[in-house]
Structure formats: structure tokens, C-alpha cells
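Undergrad: First the structure, which I've put down as C-alpha cells, then a few questions once you've had a look.
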Amino acid sequence: GKPRVAIVYGGKSAEYEVSLQTAYSVINAINKEKYEVIPVHITNAGRWLEGKPVAGHLEYKEQLLLDENRVATSSNEWLTPSTITSAKSKPDVVFPLLHGPNGEDGTVQGLFELLDVAYVGSGVSGSAVAMDKVLMKDIFKAHNIPQVTYMSVTKYEWHQDQHGVMDAIHSAIGFPCFVKPANLGSSIGISKSNHADDLMKSMKLAFLYDEKVVIEAAVDAREIEMGVIGNDAIEVSVAGEIIADSSFYDYEAKYKDGHTSLIIPAKLAEKTLTEVQTLAMKAFKALNCSGLSRVDCFVRKSDQKVFVNEVNTMPGFTPHSMFPLLWKNTGLEYSALIDRLIRLGIERHQERS
Ligand code: ATP
Ligand code: MG
Ligand code: MG
Ligand code: MG
């Protein structure tokens with residue numbers, strides 16, 4: 001029969017809602033002549049619910065919540081050893097459309113490794129280091145990838161000596177600076193501190209979401225993003241620019257306000273374009289990514305200097321998100337992109353077994 005693709009979405013993460021939206025788009029766009037599509041909903045409480053195959057079009061994303069009638073197996077049954085060994089229920093490939101901790105960070109990828117099932121996207125190490133902004137930046141540093149000045153603080157260090165930490169940030173980073181939870185996305189928990197007075201609030205906010213935060217120098221820059229796809233042989237998309245009508249590209253601007261413009265392709269000097277594209281591929285390789293990633297860069301307004309901000313191993317993936325739009329502009333439509341990523345996942349699994 002057709003290859004069985006399990007679309008895993010939701011998850012115990014602050015980005016649960018974003019994931020649901022993504023899954024809705026992907027499930028509707030995926031070629032169902034070619035693939036059998038099985039929805040797997042991880043509730044916000046972390047419970048795995050496997051649904052019956054989706055044949056037609058979903059009318060609204062709430063259909064993905066899989067009420068009890070649609071649930072084919074009971075809680076966690078999909079994860080039991082009998083399922084792992086049962087050729088009957090094991091998917092041929094998993095598409096983990098999960099953002100943030102427990103989904104984009106190597107944990108769920110480790111599970112698929114143990115199950116010996118193919119999956120879309122980066123493996124355990126690539127996912128884990130790209131999710132942790134501190135580890136990511138430390139690797140960039142080792143590879144001479146240009147980035148803004150940063151430092152990290154653990155909750156333990158913070159509670160030991162708040163004033164010492166504030167002083168250290170003052171002298172090592174200065175203002176304005178950005179304070180971020182180390183392991184998250186969608187700008188959740190991120191704030192900009194313009195003065196020392198704001199710092200306490202920013203630190204407290206970031207520590208609501210993580211045990212570790214990163215503090216980095218704010219740069220007055222254009223925000224340029226690219227998609228990278230591939231396993232060993234990789235390709236980079238055209239560059240896109242984000243123009244957010246807010247102080248920075250925060251959660252509201254990403255998902256709610258409708259005032260953010262994505263300019264694709266970004267208007268960049270040839271030299272700058274080559275520079276960001278080369279760096280995007282270098283960052284992807286440095287972090288041991290595979291399948292797909294969106295690489296976010298800054299191009300400083302004063303002198304066009306390029307910095308890599310971060311790599312997202314499971315970027316926003318609705319048809320209106322930057323990553324699919326970048327590929328559309330590069331010549332790969334949404335459905336074709338999904339197909340390509342599924343094939344890359346299968347190929348990677350075959351090469352390794
Ligand atoms: P996502 O994964 O959704 O792209 P994220 O939560 O991982 O986001 P970042 O991309 O690191 O967070 O930062 C979110 C936004 O904050 C950036 O798109 C940018 O607008 C702003 N920002 C972050 N760091 C800096 C910086 N050092 N200087 C200037 N602006 C910054
Ligand atoms: Mg991110
Ligand atoms: Mg992210
Ligand atoms: Mg980003």
C-alpha cells in the first residue's frame with residue numbers, strides 16, 4: 001500500500017497552538033493519493049492520541065483534537081513495545097510538526113531513533129543544539145560564524161547573586177539588550193531591555209520559561225531569513241526579510257497582528273545575499289542539521305555587517321509562514337516541499353540502516 005505518514009503535532013510546549021495550525025495546513029496539503037496520513041495528537045498535557053487515517057479535507061483545525069471517537073488507540077499505546085515491533089501499526093515515516101521543547105529539541109527524535117522509524121528533519125544532536133540558544137551560540141563561536149555578543153545565566157546563578165549577574169550583564173553586554181529563555185521559540189519569554197531598569201523584569205520573564213537564559217547585545221538590523229533543505233547535499237532558498245510593525249518580531253507580530261510584512265525575495269546587495277546564504281548553509285552544517293531549517297540572520301543597518309541569530313529546525317510551516325514562502329519563491333510549492341521533506345526523511349533513515 002501507500003507509505004504511512006504519521007503527522008505528529010501539538011505537544012507539551014508553549015508553542016502548542018502554533019503546531020496545531022501547522023498540522024492543519026500540512027494535512028490538507030499533503031498528497032493523499034501518494035501517502036496514507038495518520039494524525040497523532042500530543043495533547044498539551046503530553047498524552048499521545050492516534051487518530052484514524054485522514055482521507056479528505058479537514059474543515060477546521062479543531063478536528064485535529066481527536067475526540068475519543070476518532071482515537072484508534074488508547075493513551076500512550078502507540079509508544080508501547082508491541083507497537084514498535086508491530087509492522088501493522090508502525091508508520092513508514094513520521095513528520096514531527098512540533099515546535100519548542102519536547103518536539104524540536106531532540107527528545108521526540110530520540111524516540112523515533114529507538115523505534116527505528118524514519119522521520120522528517122534533524123536528528124537528535126542537531127535538534128538539541130539548535131533548540132538551546134546557548135549551545136547553538138557556543139558552536140557558532142567554534143566555527144567562526146559571526147554573531148552578536150552574548151552571555152548565559154542559569155536560574156541557580158541568578159538566585160545566588162542577582163546583583164552580581166546584573167553587573168556582569170551591564171559590563172559584558174550593555175544596553176539595549178535582548179533577554180531570552182535558552183530553549184524556546186516564537187519569541188515567547190523574550191524581551192528587550194533598553195535600560196538597566198528594565199533588566200530585572202526581563203530576567204524574571206525569561207526565567208518563567210526556562211532554567212537558563214541568554215542575554216545578547218541588541219543590534220539595529222534588518223531581519224533576513226533563509227530556508228535550508230537537504231541531508232548531505234544541501235540547498236539554500238532565496239532570502240526573505242521581515243518588517244515587523246512593533247519594537248521587535250514578537251509573538252503578537254508573528255501570529256496575531258497582521259501588520260508584519262514578509263518581503264520575498266529581500267532586496268539585498270549581491271554581496272550581502274551571497275554572504276547570508278553561505279552563512280545559512282554553514283550554520284546548518286555546524287549544528288549537524290538535516291532535512292530542513294530556517295536560518296535567521298541580522299544585517300546591521302549602519303554597515304551591512306551580517307550576524308547569524310539562530311537556526312530553527314522546525315520552523316513555522318503554514319502556507320503563510322516564512323519557510324514555505326521562501327521555497328515557493330525558490331520554485332518549490334507547498335505540497336511539493338512537504339513531499340520533498342518526507343523523501344529526505346526516508347532517505348536519511350535508509351542511509352543509516
Ligand atoms: P523564532 O524561533 O520564532 O524565530 P525565537 O523565539 O527563537 O523566534 P529569536 O529569533 O532569537 O527568538 O528572537 C525573536 C525576535 O527578537 C527576532 O526576530 C528579532 O526581532 C528580535 N531579536 C532577537 N535578538 C535580537 C538582537 N540581538 N538584536 C535585535 N533584535 C533581536
Ligand atoms: Mg527560534
Ligand atoms: Mg522556533
Ligand atoms: Mg527567530
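By convention here, the chains of the C-alpha cells are called A, B, ... in the order presented, each chain's residues are numbered starting at 1, and ligands are numbered starting at 1 in the order presented.
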Excluding Gln21 (chain A) and any residue of its chain fewer than 4 positions from it, enumerate the residues within 8 Å of it, using only C-alpha atoms, and give them as a list in words.

TA: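 Within the cut-off, the hits are Glu17, Ser25, Lys61 and Thr318 of chain A.
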
Undergrad: I need the residues from that last selection saved to file as an mmCIF file, in the first residue's frame (with N, CA and C atoms), if you can.

TA:
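What follows is the written file selection-v4.cif:
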```
data_model
loop_
_atom_site.group_PDB
_atom_site.id
_atom_site.type_symbol
_atom_site.label_atom_id
_atom_site.label_comp_id
_atom_site.auth_asym_id
_atom_site.auth_seq_id
_atom_site.Cartn_x
_atom_site.Cartn_y
_atom_site.Cartn_z
ATOM 1 N N GLU A 17 -0.220 25.723 20.213
ATOM 2 C CA GLU A 17 -1.206 26.297 19.281
ATOM 3 C C GLU A 17 -0.643 26.462 17.867
ATOM 4 N N SER A 25 -2.617 22.777 8.189
ATOM 5 C CA SER A 25 -2.201 23.131 6.821
ATOM 6 C C SER A 25 -1.515 21.963 6.127
ATOM 7 N N LYS A 61 -9.300 23.335 12.127
ATOM 8 C CA LYS A 61 -8.194 22.691 12.823
ATOM 9 C C LYS A 61 -8.621 21.949 14.080
ATOM 10 N N THR A 318 3.040 26.897 8.139
ATOM 11 C CA THR A 318 1.764 27.059 7.441
ATOM 12 C C THR A 318 2.097 27.640 6.060
#
```

Undergrad: Once you count only C-alpha atoms and all ligand atoms, which residues end up within 8 Å of ligand 4, and could you hand them over as a PDB file with N, CA and C atoms, in the first residue's frame?

TA:
```pdb
ATOM      1  N   GLY A 185      10.896  29.209  21.339  1.00  0.00           N
ATOM      2  CA  GLY A 185      10.775  29.833  20.037  1.00  0.00           C
ATOM      3  C   GLY A 185       9.554  30.715  20.028  1.00  0.00           C
ATOM      4  N   SER A 186       9.209  31.229  18.848  1.00  0.00           N
ATOM      5  CA  SER A 186       8.039  32.109  18.679  1.00  0.00           C
ATOM      6  C   SER A 186       8.136  33.372  19.522  1.00  0.00           C
ATOM      7  N   SER A 187       9.333  33.727  19.921  1.00  0.00           N
ATOM      8  CA  SER A 187       9.583  34.924  20.741  1.00  0.00           C
ATOM      9  C   SER A 187       8.973  34.852  22.133  1.00  0.00           C
ATOM     10  N   VAL A 295      17.125  29.624   8.809  1.00  0.00           N
ATOM     11  CA  VAL A 295      18.228  30.322   9.470  1.00  0.00           C
ATOM     12  C   VAL A 295      17.906  31.815   9.503  1.00  0.00           C
ATOM     13  N   ASP A 296      17.898  32.370  10.710  1.00  0.00           N
ATOM     14  CA  ASP A 296      17.557  33.785  10.915  1.00  0.00           C
ATOM     15  C   ASP A 296      18.836  34.599  11.079  1.00  0.00           C
ATOM     16  N   ASN A 309      21.557  34.918  13.732  1.00  0.00           N
ATOM     17  CA  ASN A 309      20.824  34.968  15.004  1.00  0.00           C
ATOM     18  C   ASN A 309      20.568  33.554  15.501  1.00  0.00           C
ATOM     19  N   GLU A 310      19.912  32.736  14.692  1.00  0.00           N
ATOM     20  CA  GLU A 310      19.598  31.392  15.163  1.00  0.00           C
ATOM     21  C   GLU A 310      19.197  30.485  14.009  1.00  0.00           C
ATOM     22  N   VAL A 311      19.135  29.194  14.325  1.00  0.00           N
ATOM     23  CA  VAL A 311      18.661  28.177  13.394  1.00  0.00           C
ATOM     24  C   VAL A 311      17.433  27.538  14.039  1.00  0.00           C
ATOM     25  N   ASN A 312      16.364  27.420  13.265  1.00  0.00           N
ATOM     26  CA  ASN A 312      15.142  26.763  13.752  1.00  0.00           C
ATOM     27  C   ASN A 312      14.948  25.472  12.980  1.00  0.00           C
TER      28      ASN A 312
END
```

Undergrad: List all protein, DNA and RNA residues that have any atom at most 10 Å from ligand 3, counting only C-alpha atoms and all ligand atoms, and write the list as a ChimeraX atom specification.

TA: /A:15,98-101,104,130-131,183-188,293-294,310-316

Undergrad: Let's see if you can do this: from backbone DSSP, list all strand (DSSP E or B) residues in region 144-280 of chain A, as a ChimeraX atom specification.

TA: /A:150-154,177-181,191-193,212-217,221-230,234-243,261-263

Undergrad: From the DSSP assignment of the backbone, select every residue of region 118-157 of chain A that is helix (DSSP H, G or I), and format the answer as a list in words.

TA: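 Residues of region 118-157 of chain A classed as helix (DSSP H, G or I): Val124, Ser125, Gly126, Ser127, Ala128, Val129, Ala130, Met131, Lys133, Val134, Leu135, Met136, Lys137, Asp138, Ile139, Phe140, Lys141, Ala142, Lys155, Tyr156 and Glu157 of chain A.
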
Undergrad: List every residue of region 107-197 of chain A that has an atom at most 7 Å from any atom of region 211-215 of chain A, giving for each one its closest atom pair and the distance in Å to one decimal, counting only C-alpha atoms, sorted by chain and then by ascending residue number, as JSON lines.

TA:
```
{"residue": "A:Val134", "atom": "CA", "partner": "A:Val214", "partner_atom": "CA", "distance": 6.5}
{"residue": "A:Tyr150", "atom": "CA", "partner": "A:Ile215", "partner_atom": "CA", "distance": 5.5}
{"residue": "A:Met151", "atom": "CA", "partner": "A:Ile215", "partner_atom": "CA", "distance": 5.4}
{"residue": "A:Ser152", "atom": "CA", "partner": "A:Val214", "partner_atom": "CA", "distance": 4.4}
{"residue": "A:Val153", "atom": "CA", "partner": "A:Val213", "partner_atom": "CA", "distance": 5.5}
{"residue": "A:Thr154", "atom": "CA", "partner": "A:Lys212", "partner_atom": "CA", "distance": 4.2}
{"residue": "A:Lys155", "atom": "CA", "partner": "A:Glu211", "partner_atom": "CA", "distance": 5.0}
{"residue": "A:Cys177", "atom": "CA", "partner": "A:Ile215", "partner_atom": "CA", "distance": 6.7}
{"residue": "A:Phe178", "atom": "CA", "partner": "A:Ile215", "partner_atom": "CA", "distance": 5.6}
{"residue": "A:Val179", "atom": "CA", "partner": "A:Ile215", "partner_atom": "CA", "distance": 4.6}
{"residue": "A:Lys180", "atom": "CA", "partner": "A:Val214", "partner_atom": "CA", "distance": 5.3}
{"residue": "A:Pro181", "atom": "CA", "partner": "A:Val213", "partner_atom": "CA", "distance": 4.4}
{"residue": "A:Ala182", "atom": "CA", "partner": "A:Val213", "partner_atom": "CA", "distance": 4.8}
```
